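**Student:** Hey, dropping my_file.txt in here, compact mmCIF, C-alpha atoms and all ligand atoms:
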```txt
# COMPACT_ATOMS: atom_id res chain seq x y z
CA MET A 1 -46.63 97.51 -20.09
CA THR A 2 -48.14 94.47 -21.81
CA GLU A 3 -47.68 94.60 -25.54
CA ARG A 4 -50.75 93.86 -27.69
CA HIS A 5 -48.81 92.00 -30.41
CA ASP A 6 -45.73 89.88 -30.74
CA ALA A 7 -43.00 90.92 -33.21
CA VAL A 8 -42.42 87.34 -34.36
CA ASP A 9 -46.10 86.95 -35.34
CA VAL A 10 -45.93 90.17 -37.38
CA ILE A 11 -42.73 88.99 -39.11
CA ARG A 12 -44.28 85.57 -39.84
CA THR A 13 -47.41 87.14 -41.36
CA LYS A 14 -45.34 89.07 -43.90
CA ARG A 15 -42.77 86.32 -44.39
CA ASP A 16 -45.56 83.96 -45.44
CA GLY A 17 -47.01 86.47 -47.91
CA GLY A 18 -49.92 87.69 -45.78
CA THR A 19 -51.32 91.18 -45.40
CA LEU A 20 -50.53 92.99 -42.15
CA ALA A 21 -53.57 94.13 -40.16
CA ASP A 22 -53.85 97.85 -39.40
CA ASP A 23 -53.26 97.27 -35.72
CA GLN A 24 -50.20 95.09 -36.36
CA ILE A 25 -48.70 97.94 -38.40
CA ASP A 26 -49.57 100.63 -35.83
CA TRP A 27 -48.08 98.51 -33.09
CA VAL A 28 -44.87 97.37 -34.78
CA VAL A 29 -43.89 100.87 -35.95
CA ASP A 30 -44.61 102.40 -32.56
CA ALA A 31 -43.00 99.55 -30.60
CA TYR A 32 -39.86 99.75 -32.75
CA THR A 33 -39.59 103.49 -32.07
CA ARG A 34 -40.00 102.81 -28.32
CA GLY A 35 -37.24 100.18 -28.47
CA VAL A 36 -39.57 97.26 -27.67
CA VAL A 37 -39.15 95.67 -31.11
CA ALA A 38 -35.43 94.99 -31.54
CA ASP A 39 -33.31 96.04 -34.53
CA GLU A 40 -32.87 92.42 -35.63
CA GLN A 41 -36.65 91.91 -35.60
CA MET A 42 -37.31 95.06 -37.59
CA SER A 43 -34.58 94.21 -40.09
CA SER A 44 -36.18 90.79 -40.58
CA LEU A 45 -39.57 92.43 -41.12
CA ALA A 46 -38.05 94.96 -43.56
CA MET A 47 -36.53 92.09 -45.54
CA ALA A 48 -39.90 90.27 -45.59
CA ILE A 49 -41.55 93.49 -46.87
CA LEU A 50 -38.83 93.85 -49.52
CA GLN A 51 -39.48 90.29 -50.72
CA ARG A 52 -43.27 90.10 -50.35
CA GLY A 53 -44.30 93.70 -51.01
CA MET A 54 -47.21 95.58 -49.47
CA THR A 55 -50.71 96.47 -50.62
CA ARG A 56 -51.61 100.13 -51.16
CA GLU A 57 -53.60 100.01 -47.88
CA GLU A 58 -50.64 98.58 -45.97
CA ILE A 59 -48.30 101.27 -47.33
CA ALA A 60 -50.76 104.04 -46.39
CA ARG A 61 -51.16 102.64 -42.87
CA TRP A 62 -47.38 102.18 -42.44
CA THR A 63 -46.84 105.82 -43.51
CA ALA A 64 -49.52 107.08 -41.10
CA ALA A 65 -48.00 105.02 -38.28
CA MET A 66 -44.57 106.57 -38.93
CA ILE A 67 -46.06 110.09 -38.93
CA ALA A 68 -47.83 109.32 -35.63
CA THR A 69 -44.50 108.64 -33.90
CA GLY A 70 -43.60 112.36 -34.09
CA GLU A 71 -44.85 115.91 -34.47
CA ARG A 72 -46.63 117.51 -37.43
CA LEU A 73 -45.77 121.03 -38.51
CA ASP A 74 -48.57 123.42 -39.32
CA PHE A 75 -48.10 126.41 -41.62
CA SER A 76 -51.77 127.25 -41.97
CA GLY A 77 -51.25 130.49 -39.99
CA LEU A 78 -48.81 131.88 -42.57
CA GLY A 79 -51.52 133.22 -44.82
CA LYS A 80 -49.63 131.97 -47.89
CA ALA A 81 -49.82 128.79 -49.94
CA THR A 82 -46.97 126.34 -49.25
CA ALA A 83 -45.16 124.16 -51.78
CA ASP A 84 -42.22 121.81 -51.49
CA LYS A 85 -40.14 119.60 -53.75
CA HIS A 86 -38.44 116.31 -52.98
CA SER A 87 -35.84 114.64 -55.15
CA THR A 88 -35.03 110.97 -54.76
CA GLY A 89 -31.37 111.95 -55.13
CA GLY A 90 -28.84 112.17 -57.91
CA VAL A 91 -25.41 113.33 -59.05
CA GLY A 92 -24.97 117.10 -59.41
CA ASP A 93 -28.57 117.58 -58.22
CA LYS A 94 -28.39 121.08 -56.78
CA ILE A 95 -31.87 122.05 -58.00
CA THR A 96 -33.28 122.81 -54.53
CA LEU A 97 -30.83 125.72 -54.19
CA PRO A 98 -32.15 127.88 -57.04
CA LEU A 99 -35.68 126.41 -56.90
CA ALA A 100 -36.70 127.37 -53.34
CA PRO A 101 -35.96 131.12 -53.75
CA LEU A 102 -37.39 131.08 -57.28
CA VAL A 103 -40.77 129.81 -56.07
CA ALA A 104 -40.67 132.17 -53.07
CA ALA A 105 -40.21 135.07 -55.53
CA TYR A 106 -43.83 134.42 -56.62
CA GLY A 107 -45.20 134.72 -53.06
CA VAL A 108 -45.44 130.99 -52.31
CA ALA A 109 -43.81 129.78 -49.07
CA VAL A 110 -41.29 126.94 -49.47
CA PRO A 111 -40.59 124.93 -46.29
CA GLN A 112 -37.79 122.72 -47.59
CA LEU A 113 -36.56 120.17 -45.07
CA SER A 114 -33.47 118.58 -46.55
CA GLY A 115 -30.96 115.89 -45.78
CA ARG A 116 -27.27 115.16 -45.97
CA GLY A 117 -25.60 113.02 -48.59
CA LEU A 118 -24.75 109.40 -48.00
CA GLY A 119 -22.96 107.41 -50.67
CA HIS A 120 -22.54 108.84 -54.16
CA THR A 121 -25.57 111.19 -54.09
CA GLY A 122 -24.95 114.61 -52.60
CA GLY A 123 -26.98 116.26 -49.84
CA THR A 124 -28.46 119.75 -50.04
CA LEU A 125 -27.39 120.66 -46.48
CA ASP A 126 -23.78 119.64 -47.17
CA LYS A 127 -23.73 121.89 -50.22
CA LEU A 128 -25.19 124.89 -48.39
CA GLU A 129 -22.77 124.44 -45.50
CA SER A 130 -20.02 125.46 -47.97
CA ILE A 131 -21.30 129.01 -47.41
CA PRO A 132 -19.44 130.51 -44.43
CA GLY A 133 -21.73 131.04 -41.43
CA TRP A 134 -24.78 129.27 -42.91
CA ARG A 135 -26.76 127.33 -40.31
CA ALA A 136 -28.82 124.19 -41.14
CA ALA A 137 -30.43 123.67 -37.74
CA LEU A 138 -33.43 125.92 -37.11
CA SER A 139 -36.14 125.66 -34.47
CA ASN A 140 -39.74 125.34 -35.66
CA GLU A 141 -40.31 128.97 -34.59
CA GLU A 142 -37.29 130.20 -36.60
CA MET A 143 -38.52 128.28 -39.61
CA HIS A 144 -41.98 129.82 -39.28
CA GLU A 145 -40.56 133.36 -38.95
CA GLN A 146 -38.31 132.92 -41.98
CA LEU A 147 -41.18 131.61 -44.07
CA LYS A 148 -43.19 134.68 -43.10
CA ASP A 149 -40.38 137.18 -43.79
CA VAL A 150 -38.39 135.63 -46.65
CA GLY A 151 -40.74 132.98 -48.02
CA ALA A 152 -38.17 130.21 -48.36
CA VAL A 153 -36.24 128.12 -45.89
CA ILE A 154 -33.92 125.16 -46.48
CA CYS A 155 -33.01 123.47 -43.22
CA ALA A 156 -32.49 120.14 -41.48
CA ALA A 157 -35.52 118.13 -40.41
CA GLY A 158 -35.70 118.27 -36.60
CA SER A 159 -35.52 115.07 -34.58
CA GLY A 160 -39.24 115.34 -33.76
CA LEU A 161 -40.39 114.66 -37.33
CA ALA A 162 -41.20 110.97 -38.04
CA PRO A 163 -38.59 109.57 -35.60
CA ALA A 164 -39.61 106.04 -36.65
CA ASP A 165 -38.25 106.79 -40.12
CA LYS A 166 -34.91 108.07 -38.82
CA LYS A 167 -34.39 104.82 -36.92
CA LEU A 168 -35.71 102.58 -39.68
CA TYR A 169 -33.77 104.33 -42.46
CA ALA A 170 -30.47 103.89 -40.57
CA LEU A 171 -31.31 100.21 -40.10
CA ARG A 172 -32.27 99.70 -43.77
CA ASP A 173 -29.02 101.33 -44.81
CA VAL A 174 -26.98 98.55 -43.18
CA THR A 175 -29.30 95.59 -43.85
CA GLY A 176 -29.72 95.71 -47.63
CA THR A 177 -33.34 96.85 -47.39
CA VAL A 178 -33.18 100.33 -48.92
CA GLU A 179 -34.25 99.31 -52.44
CA CYS A 180 -37.87 98.55 -51.63
CA ILE A 181 -40.66 100.68 -53.10
CA PRO A 182 -43.12 100.44 -50.13
CA LEU A 183 -40.33 101.36 -47.68
CA ILE A 184 -38.85 104.17 -49.81
CA ALA A 185 -42.30 105.64 -50.53
CA SER A 186 -43.43 105.53 -46.89
CA SER A 187 -40.08 106.89 -45.68
CA ILE A 188 -40.14 109.91 -47.98
CA MET A 189 -43.86 110.63 -47.67
CA SER A 190 -44.04 110.29 -43.88
CA LYS A 191 -41.56 113.17 -43.60
CA LYS A 192 -43.20 115.27 -46.30
CA ILE A 193 -46.74 114.84 -44.92
CA ALA A 194 -45.54 115.56 -41.35
CA GLU A 195 -43.79 118.69 -42.65
CA GLY A 196 -47.22 120.17 -43.40
CA THR A 197 -46.76 121.39 -46.98
CA GLY A 198 -49.92 122.04 -49.00
CA CYS A 199 -48.40 120.95 -52.30
CA LEU A 200 -45.55 118.60 -53.08
CA VAL A 201 -43.70 117.98 -56.32
CA LEU A 202 -41.59 114.84 -56.47
CA ASP A 203 -38.54 114.63 -58.71
CA VAL A 204 -38.09 110.89 -59.19
CA LYS A 205 -34.70 110.26 -60.73
CA VAL A 206 -34.16 107.47 -63.24
CA GLY A 207 -30.83 106.09 -64.44
CA THR A 208 -27.46 104.81 -63.29
CA GLY A 209 -26.97 107.62 -60.75
CA ALA A 210 -30.41 107.06 -59.14
CA PHE A 211 -32.05 104.47 -56.86
CA MET A 212 -34.41 103.57 -59.69
CA LYS A 213 -32.45 102.31 -62.65
CA ASP A 214 -35.38 101.95 -65.08
CA LEU A 215 -38.48 103.91 -66.00
CA ASP A 216 -41.03 101.25 -64.96
CA GLN A 217 -39.65 101.01 -61.42
CA ALA A 218 -39.53 104.81 -61.19
CA ARG A 219 -43.15 105.06 -62.38
CA GLU A 220 -44.25 102.60 -59.71
CA LEU A 221 -42.40 104.52 -56.98
CA ALA A 222 -43.82 107.82 -58.23
CA ALA A 223 -47.39 106.49 -58.40
CA THR A 224 -47.11 105.03 -54.89
CA MET A 225 -45.90 108.36 -53.48
CA VAL A 226 -48.45 110.43 -55.40
CA ASP A 227 -51.26 108.20 -54.02
CA LEU A 228 -49.94 108.52 -50.47
CA GLY A 229 -49.72 112.31 -50.71
CA THR A 230 -53.10 112.72 -52.37
CA ASP A 231 -54.82 110.47 -49.81
CA ALA A 232 -53.28 112.58 -47.03
CA GLY A 233 -54.68 115.81 -48.54
CA VAL A 234 -51.38 117.06 -50.04
CA LYS A 235 -51.57 118.04 -53.73
CA THR A 236 -48.88 115.74 -55.05
CA SER A 237 -47.42 115.20 -58.50
CA ALA A 238 -44.18 113.72 -59.81
CA LEU A 239 -41.79 114.34 -62.66
CA LEU A 240 -39.60 111.43 -63.74
CA THR A 241 -36.24 112.89 -64.73
CA ASP A 242 -33.03 111.63 -66.27
CA MET A 243 -30.13 110.71 -64.00
CA SER A 244 -28.02 108.71 -66.43
CA THR A 245 -25.54 111.59 -66.64
CA PRO A 246 -24.86 114.31 -64.03
CA LEU A 247 -27.01 117.44 -63.82
CA GLY A 248 -25.04 120.53 -64.74
CA LEU A 249 -21.26 120.77 -64.82
CA ALA A 250 -20.47 120.87 -61.09
CA ILE A 251 -20.54 117.81 -58.83
CA GLY A 252 -19.48 118.40 -55.24
CA ASN A 253 -20.40 120.97 -52.60
CA GLY A 254 -18.92 124.48 -53.01
CA ASN A 255 -18.84 124.14 -56.80
CA GLU A 256 -22.57 123.25 -56.82
CA VAL A 257 -23.36 126.37 -54.78
CA ALA A 258 -21.39 128.46 -57.30
CA GLU A 259 -23.30 126.85 -60.20
CA SER A 260 -26.64 127.49 -58.47
CA VAL A 261 -25.72 131.15 -58.05
CA GLU A 262 -24.96 131.30 -61.79
CA VAL A 263 -28.48 129.98 -62.49
CA LEU A 264 -29.97 132.56 -60.10
CA ALA A 265 -28.00 135.24 -61.97
CA GLY A 266 -29.71 134.24 -65.22
CA GLY A 267 -26.94 131.96 -66.59
CA GLY A 268 -25.80 128.42 -65.84
CA PRO A 269 -26.11 125.09 -67.66
CA ALA A 270 -29.22 124.49 -69.79
CA ASP A 271 -30.25 121.24 -68.07
CA VAL A 272 -30.17 122.82 -64.59
CA ILE A 273 -32.21 125.78 -65.83
CA GLU A 274 -34.75 123.54 -67.60
CA LEU A 275 -35.37 121.34 -64.57
CA THR A 276 -35.47 124.26 -62.12
CA VAL A 277 -38.03 126.10 -64.25
CA GLU A 278 -40.19 122.99 -64.83
CA LEU A 279 -40.27 122.08 -61.15
CA ALA A 280 -41.03 125.72 -60.24
CA ARG A 281 -43.92 125.75 -62.74
CA GLU A 282 -45.31 122.58 -61.18
CA MET A 283 -44.97 123.89 -57.59
CA LEU A 284 -46.55 127.23 -58.49
CA ALA A 285 -49.46 125.50 -60.25
CA GLY A 286 -50.02 123.34 -57.15
CA ALA A 287 -50.04 126.50 -55.04
CA GLY A 288 -52.58 128.13 -57.37
CA VAL A 289 -50.15 130.49 -59.18
CA THR A 290 -50.63 130.11 -62.93
CA GLY A 291 -50.04 132.26 -66.00
CA VAL A 292 -46.45 133.10 -65.01
CA ASP A 293 -43.16 131.98 -66.54
CA PRO A 294 -40.72 131.17 -63.70
CA ALA A 295 -37.81 131.74 -66.10
CA ASP A 296 -38.60 135.48 -65.82
CA ALA A 297 -37.64 135.68 -62.12
CA LEU A 298 -34.28 134.05 -62.91
CA LYS A 299 -33.59 136.66 -65.56
CA ASP A 300 -34.79 139.79 -63.72
CA GLY A 301 -33.04 139.20 -60.37
CA ARG A 302 -36.11 138.49 -58.19
CA ALA A 303 -35.00 134.91 -57.49
CA MET A 304 -31.47 136.13 -56.67
CA ASP A 305 -32.89 138.65 -54.19
CA ALA A 306 -34.87 135.87 -52.49
CA TRP A 307 -31.73 133.66 -52.41
CA ARG A 308 -29.65 136.37 -50.72
CA ARG A 309 -32.32 136.99 -48.10
CA MET A 310 -32.73 133.24 -47.50
CA ILE A 311 -28.98 132.67 -47.05
CA GLU A 312 -28.49 135.76 -44.87
CA ALA A 313 -31.48 134.88 -42.66
CA GLN A 314 -29.62 131.67 -41.77
CA GLY A 315 -26.35 133.47 -40.99
CA GLY A 316 -24.66 132.83 -44.35
CA ASP A 317 -22.43 135.23 -46.29
CA ALA A 318 -24.17 135.37 -49.68
CA ASP A 319 -21.12 137.11 -51.23
CA ALA A 320 -18.51 134.55 -50.14
CA ALA A 321 -16.50 133.03 -53.00
CA MET A 322 -16.21 129.24 -53.00
CA PRO A 323 -12.65 128.00 -52.36
CA ASP A 324 -10.52 126.15 -54.93
CA ALA A 325 -9.13 122.71 -54.09
CA PRO A 326 -5.32 122.47 -53.93
CA HIS A 327 -5.08 119.22 -55.94
CA VAL A 328 -6.46 118.99 -59.47
CA GLU A 329 -6.15 116.31 -62.19
CA GLU A 330 -7.41 116.50 -65.77
CA VAL A 331 -9.19 113.70 -67.63
CA ARG A 332 -8.65 114.03 -71.38
CA ALA A 333 -10.37 112.59 -74.46
CA GLU A 334 -8.54 109.53 -75.79
CA SER A 335 -9.86 109.96 -79.34
CA ASP A 336 -11.82 112.29 -81.62
CA GLY A 337 -15.61 111.91 -81.66
CA VAL A 338 -18.79 112.55 -79.71
CA ILE A 339 -19.25 111.81 -75.99
CA THR A 340 -21.74 108.94 -76.01
CA ARG A 341 -21.52 108.16 -72.29
CA LEU A 342 -20.74 110.28 -69.25
CA ASP A 343 -21.99 108.01 -66.54
CA ALA A 344 -23.70 109.59 -63.53
CA LEU A 345 -22.80 106.79 -61.14
CA GLY A 346 -19.12 106.73 -62.16
CA VAL A 347 -18.76 110.51 -61.82
CA GLY A 348 -20.76 110.49 -58.57
CA VAL A 349 -18.55 107.82 -57.02
CA ALA A 350 -15.42 109.73 -58.15
CA ALA A 351 -16.67 112.95 -56.48
CA TRP A 352 -17.59 111.01 -53.35
CA ARG A 353 -14.15 109.39 -53.10
CA LEU A 354 -12.44 112.75 -53.71
CA GLY A 355 -14.03 113.97 -50.46
CA ALA A 356 -17.32 115.55 -51.59
CA GLY A 357 -19.30 112.78 -49.87
CA ARG A 358 -19.03 110.77 -46.69
CA ALA A 359 -18.44 107.08 -46.08
CA ARG A 360 -20.25 107.01 -42.73
CA GLN A 361 -22.99 109.05 -41.16
CA GLY A 362 -21.39 111.90 -39.18
CA ASP A 363 -18.18 112.14 -41.28
CA ALA A 364 -17.25 115.64 -42.51
CA VAL A 365 -17.36 116.49 -46.24
CA GLU A 366 -14.78 118.63 -48.07
CA VAL A 367 -16.07 121.95 -49.43
CA SER A 368 -13.84 122.20 -52.53
CA SER A 369 -13.54 118.50 -53.48
CA GLY A 370 -15.51 117.15 -56.43
CA VAL A 371 -15.66 117.03 -60.22
CA MET A 372 -16.07 119.77 -62.83
CA LEU A 373 -17.23 118.72 -66.27
CA HIS A 374 -15.78 120.67 -69.20
CA LYS A 375 -17.63 118.64 -71.85
CA THR A 376 -21.05 117.02 -71.64
CA LEU A 377 -22.96 114.14 -73.16
CA GLY A 378 -23.39 114.55 -76.92
CA GLU A 379 -20.58 117.13 -77.27
CA ARG A 380 -17.94 116.72 -79.98
CA VAL A 381 -14.36 116.42 -78.70
CA SER A 382 -10.89 116.13 -80.18
CA LYS A 383 -8.26 113.81 -78.80
CA GLY A 384 -6.54 115.51 -75.83
CA ASP A 385 -9.46 117.85 -74.95
CA VAL A 386 -10.10 118.12 -71.21
CA ILE A 387 -13.40 116.36 -70.49
CA MET A 388 -13.40 116.89 -66.73
CA THR A 389 -11.19 117.93 -63.85
CA LEU A 390 -11.03 116.16 -60.50
CA HIS A 391 -10.53 118.35 -57.42
CA THR A 392 -9.61 117.32 -53.89
CA GLU A 393 -8.44 118.81 -50.62
CA THR A 394 -6.73 115.52 -49.69
CA GLU A 395 -4.07 114.47 -52.22
CA THR A 396 -4.17 110.79 -51.22
CA ARG A 397 -7.80 110.61 -52.38
CA MET A 398 -6.96 111.39 -56.01
CA PRO A 399 -5.97 107.87 -57.23
CA ARG A 400 -9.22 106.34 -55.92
CA GLY A 401 -11.21 109.13 -57.58
CA LEU A 402 -9.56 108.45 -60.93
CA GLN A 403 -10.05 104.73 -60.44
CA ALA A 404 -13.81 105.22 -59.97
CA LEU A 405 -14.01 106.57 -63.51
CA ASP A 406 -12.17 103.55 -64.94
CA GLU A 407 -14.20 101.04 -62.92
CA ALA A 408 -17.59 102.52 -63.88
CA CYS A 409 -20.05 100.61 -66.09
CA ASP A 410 -18.57 97.20 -65.23
CA GLY A 411 -15.09 98.32 -66.21
CA ALA A 412 -16.08 99.92 -69.54
CA GLY A 413 -15.38 103.34 -67.97
CA ALA A 414 -17.51 106.40 -67.14
CA VAL A 415 -16.64 108.08 -70.44
CA GLU A 416 -17.21 106.67 -73.92
CA ILE A 417 -16.46 108.42 -77.19
CA GLY A 418 -18.25 107.28 -80.34
CA ASP A 419 -19.90 108.60 -83.48
CA SER A 420 -23.20 110.04 -82.31
CA ALA A 421 -25.32 110.30 -79.16
CA PRO A 422 -29.13 110.53 -78.96
CA GLU A 423 -30.45 113.87 -77.77
CA ARG A 424 -30.82 113.94 -73.99
CA GLN A 425 -34.33 114.28 -72.63
CA ILE A 426 -34.38 115.66 -69.06
CA ILE A 427 -38.07 115.15 -68.25
CA LEU A 428 -39.01 111.59 -69.12
CA ASP A 429 -42.57 111.34 -67.83
CA ARG A 430 -44.97 112.63 -65.23
CA VAL A 431 -47.37 111.06 -62.73
CA GLY A 432 -50.33 112.91 -61.28
CA THR A 433 -51.11 116.58 -61.67
CA ALA A 434 -50.43 119.50 -59.37
CA THR A 435 -53.76 121.25 -59.99
N1 LIG B 501 -34.85 108.87 -49.12
C1 LIG B 501 -35.56 108.69 -47.97
O1 LIG B 501 -35.84 109.63 -47.25
N2 LIG B 501 -35.94 107.44 -47.67
C2 LIG B 501 -35.68 106.36 -48.44
O2 LIG B 501 -36.07 105.28 -48.11
C3 LIG B 501 -34.94 106.58 -49.62
C4 LIG B 501 -34.54 107.84 -49.94
```
Using structure tokens, write down the structure from this file.
Ligand code: URA
**Tutor:**
Amino acid sequence: MTERHDAVDVIRTKRDGGTLADDQIDWVVDAYTRGVVADEQMSSLAMAILQRGMTREEIARWTAAMIATGERLDFSGLGKATADKHSTGGVGDKITLPLAPLVAAYGVAVPQLSGRGLGHTGGTLDKLESIPGWRAALSNEEMHEQLKDVGAVICAAGSGLAPADKKLYALRDVTGTVECIPLIASSIMSKKIAEGTGCLVLDVKVGTGAFMKDLDQARELAATMVDLGTDAGVKTSALLTDMSTPLGLAIGNGNEVAESVEVLAGGGPADVIELTVELAREMLAGAGVTGVDPADALKDGRAMDAWRRMIEAQGGDADAAMPDAPHVEEVRAESDGVITRLDALGVGVAAWRLGAGRARQGDAVEVSSGVMLHKTLGERVSKGDVIMTLHTETETRMPRGLQALDEACDGAGAVEIGDSAPERQIILDRVGTAT
């Protein structure tokens, strides 16, 4: 087959600061997916995009071209509104687990296609796989049935959804081209638009444990994604939320499931409850459900009922206790005072090295490895108090986990004790509106 463009011309256009024509974008994305454009050519183009940027029109076209490489799901036959949430990833971010059943408890269907963790941020599927028997891979028909019967499904995105993104994301991961707003926005939104949700709430994380380290960058990413969703007919809004310190007390896999179950039982850490309830409110508003307080369904057991049905529908044992790791070390306060820093990145890297995360795609993660916080940012401590415990299934991992805490913040350490800490604000800003 004769190709209608040449990859080198497309690369040169962007390298020299030009705007890619619609047909250049359609062709290069499709040709890369077909294997006609080589990895080295696409990595060069990705680097040119990272350095030169893209116009709003280019980003929209790029996103549409990625969607066109695969299938689009359609939930219009369900007879219910659909709403989904996407987080850009953080440390201790287990919010999807209580959120999906909570929203389903109000009659809104939640088709939540999730991913696995890579690097220091955890993955929702890895966490749920701590539950014995739970299955991440569902066919489109199984997903549809579960949405009809239970109202919520959390599962792996099938290989048919935006295959261009799967290939491009793996390439970006090894070519230093992940941190690029047009590429992140089009990657996330191509999958979410293809998934067929009617309403989407984005949780854009800001801080050391997130992709976006400052609020301005996060606002730009959020606005780009909200525009893409809105233009594609998906009601899209974004909350910008703090990721300078971990969410909740549990960072890992099994321990995050246990903490989510506490939230579904009406307890759990205040920050996890606050963010779960705010995101639920936003999703429900987007789906047309207003005048309700989502906190009620956490307190009265409706969200827990939906959770049990969701887990059991995917083969999981909702009553299984999470295992304890055999090797545990304590990290104690070195002085009296207030915790002024509990760095998300440092704690995230420690949990990752302890075995909660993977170094390479395809590696297994350890169910009971991770970190448990016993004190949080702003809490008063006395010298010798246990601030956190490190847990691992593999004893030889422990020294590297401890080292991650010392190395954090350019060697200043993940934990700092001082005189006073400013009050933590979880929700920093919002972009767009769900209604
Ligand atoms: N998550 C994605 O799906 N894609 C990106 O580019 C970054 C985060």
**Student:** Give as a list in words the residues surrounding ligand LIG 501 (chain B) up to a distance of 7 Å, considering all atoms listed in the file.
**Tutor:** Thr88, Tyr169, Val178, Leu183, Ile184, Ala185, Ser187 and Ile188 of chain A
**Student:** Report as CSV: every residue of stretch 262-344 of chain A with an atom at most 10 Å from stretch 91-101 of chain A, its closest pair of atoms, and their distance in Å to one decimal, counting only C-alpha atoms, with rows sorted by chain and ascending residue number.
**Tutor:**
```
residue,atom,partner,partner_atom,distance
A:Glu262,CA,A:Pro98,CA,9.3
A:Val263,CA,A:Pro98,CA,6.9
A:Leu264,CA,A:Pro98,CA,6.0
A:Ala265,CA,A:Pro98,CA,9.8
A:Val272,CA,A:Ile95,CA,6.8
A:Ile273,CA,A:Ile95,CA,8.7
A:Leu275,CA,A:Ile95,CA,7.5
A:Thr276,CA,A:Leu99,CA,5.6
A:Val277,CA,A:Leu99,CA,7.7
A:Glu278,CA,A:Leu99,CA,9.7
A:Leu279,CA,A:Leu99,CA,7.6
A:Ala280,CA,A:Leu99,CA,6.3
A:Met283,CA,A:Leu99,CA,9.7
A:Pro294,CA,A:Leu99,CA,9.7
A:Ala297,CA,A:Pro101,CA,9.7
A:Leu298,CA,A:Pro98,CA,8.8
A:Arg302,CA,A:Pro101,CA,8.6
A:Ala303,CA,A:Pro101,CA,5.4
A:Met304,CA,A:Pro101,CA,7.3
A:Asp305,CA,A:Pro101,CA,8.1
A:Ala306,CA,A:Pro101,CA,5.0
A:Trp307,CA,A:Pro101,CA,5.1
A:Arg308,CA,A:Pro101,CA,8.7
A:Arg309,CA,A:Pro101,CA,8.9
A:Met310,CA,A:Pro101,CA,7.3
A:Ile311,CA,A:Pro101,CA,9.8
A:Asp343,CA,A:Val91,CA,9.8
A:Ala344,CA,A:Val91,CA,6.1
```
**Student:** Mind giving me the straight-line distance from atom CA of A:Lys191 to atom CA of A:Lys166 in Å, one decimal?
**Tutor:**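 Spanning atom CA of A:Lys191 to atom CA of A:Lys166 is a straight-line distance of 9.6 Å.
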**Student:** Counting all atoms listed in the file, find the residues whose atoms lie at most 9 Å from (-29.6, 113.3, -65.2) (file coordinates) and write them out as a list of chain:residue names.
**Tutor:** A:Gly90, A:Val91, A:Gly92, A:Asp93, A:Lys205, A:Val206, A:Gly207, A:Thr208, A:Gly209, A:Ala210, A:Thr241, A:Asp242, A:Met243, A:Ser244, A:Thr245, A:Pro246, A:Leu247, A:Gly248, A:Asp271, A:Ala344, A:Arg424, A:Gln425, A:Ile426
**Student:** With C-alpha atoms kept, could you save the residues just selected as a tab-separated table (two decimals), in the frame of the given file?
**Tutor:**
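Produced file selection33.tsv, reproduced below:
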```tsv
chain	number	residue	atom	x	y	z
A	90	GLY	CA	-28.84	112.17	-57.91
A	91	VAL	CA	-25.41	113.33	-59.05
A	92	GLY	CA	-24.97	117.10	-59.41
A	93	ASP	CA	-28.57	117.58	-58.22
A	205	LYS	CA	-34.70	110.26	-60.73
A	206	VAL	CA	-34.16	107.47	-63.24
A	207	GLY	CA	-30.83	106.09	-64.44
A	208	THR	CA	-27.46	104.81	-63.29
A	209	GLY	CA	-26.97	107.62	-60.75
A	210	ALA	CA	-30.41	107.06	-59.14
A	241	THR	CA	-36.24	112.89	-64.73
A	242	ASP	CA	-33.03	111.63	-66.27
A	243	MET	CA	-30.13	110.71	-64.00
A	244	SER	CA	-28.02	108.71	-66.43
A	245	THR	CA	-25.54	111.59	-66.64
A	246	PRO	CA	-24.86	114.31	-64.03
A	247	LEU	CA	-27.01	117.44	-63.82
A	248	GLY	CA	-25.04	120.53	-64.74
A	271	ASP	CA	-30.25	121.24	-68.07
A	344	ALA	CA	-23.70	109.59	-63.53
A	424	ARG	CA	-30.82	113.94	-73.99
A	425	GLN	CA	-34.33	114.28	-72.63
A	426	ILE	CA	-34.38	115.66	-69.06
```
**Student:** Quick one: pull the distance between atom CA of A:Leu125 and atom CA of A:Glu195, Å, one decimal.
**Tutor:** 17.0 Å
**Student:** Name the residues, using the chain letters and numbers of the file, that sit within 7 Å of (-16.6, 106.4, -69.1) when counting only C-alpha atoms, and give them as JSON, numbers by chain.
**Tutor:** {"A": [341, 342, 343, 405, 406, 408, 412, 413, 414, 415, 416]}
**Student:** With distances taken over only C-alpha atoms, which residue among A:Gly401, A:Gly160, A:Pro182, A:Gly378 lies nearest A:Ile67?
**Tutor:** A:Gly160
**Student:** Hey, what's within 8 Å of stretch 139-145 of chain A if we count only C-alpha atoms and toss same-chain stuff fewer than 3 positions away? As a list of chain:residue names, please?
**Tutor:**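 The residues that qualify are A:Leu73, A:Phe75, A:Leu78, A:Pro111, A:Lys148, A:Asp149, A:Val153, A:Gly158.
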**Student:** What's around A:Cys199 at 6 Å? Count only C-alpha atoms, leave out sequence neighbours fewer than 6 positions away in its own chain, and write the answer as a PDB file with C-alpha atoms, in the coordinates of the input.
**Tutor:**
```pdb
ATOM      1  CA  ALA A  83     -45.160 124.160 -51.780  1.00  0.00           C
ATOM      2  CA  VAL A 234     -51.380 117.060 -50.040  1.00  0.00           C
ATOM      3  CA  LYS A 235     -51.570 118.040 -53.730  1.00  0.00           C
ATOM      4  CA  THR A 236     -48.880 115.740 -55.050  1.00  0.00           C
ATOM      5  CA  GLY A 286     -50.020 123.340 -57.150  1.00  0.00           C
TER       6      GLY A 286
END
```
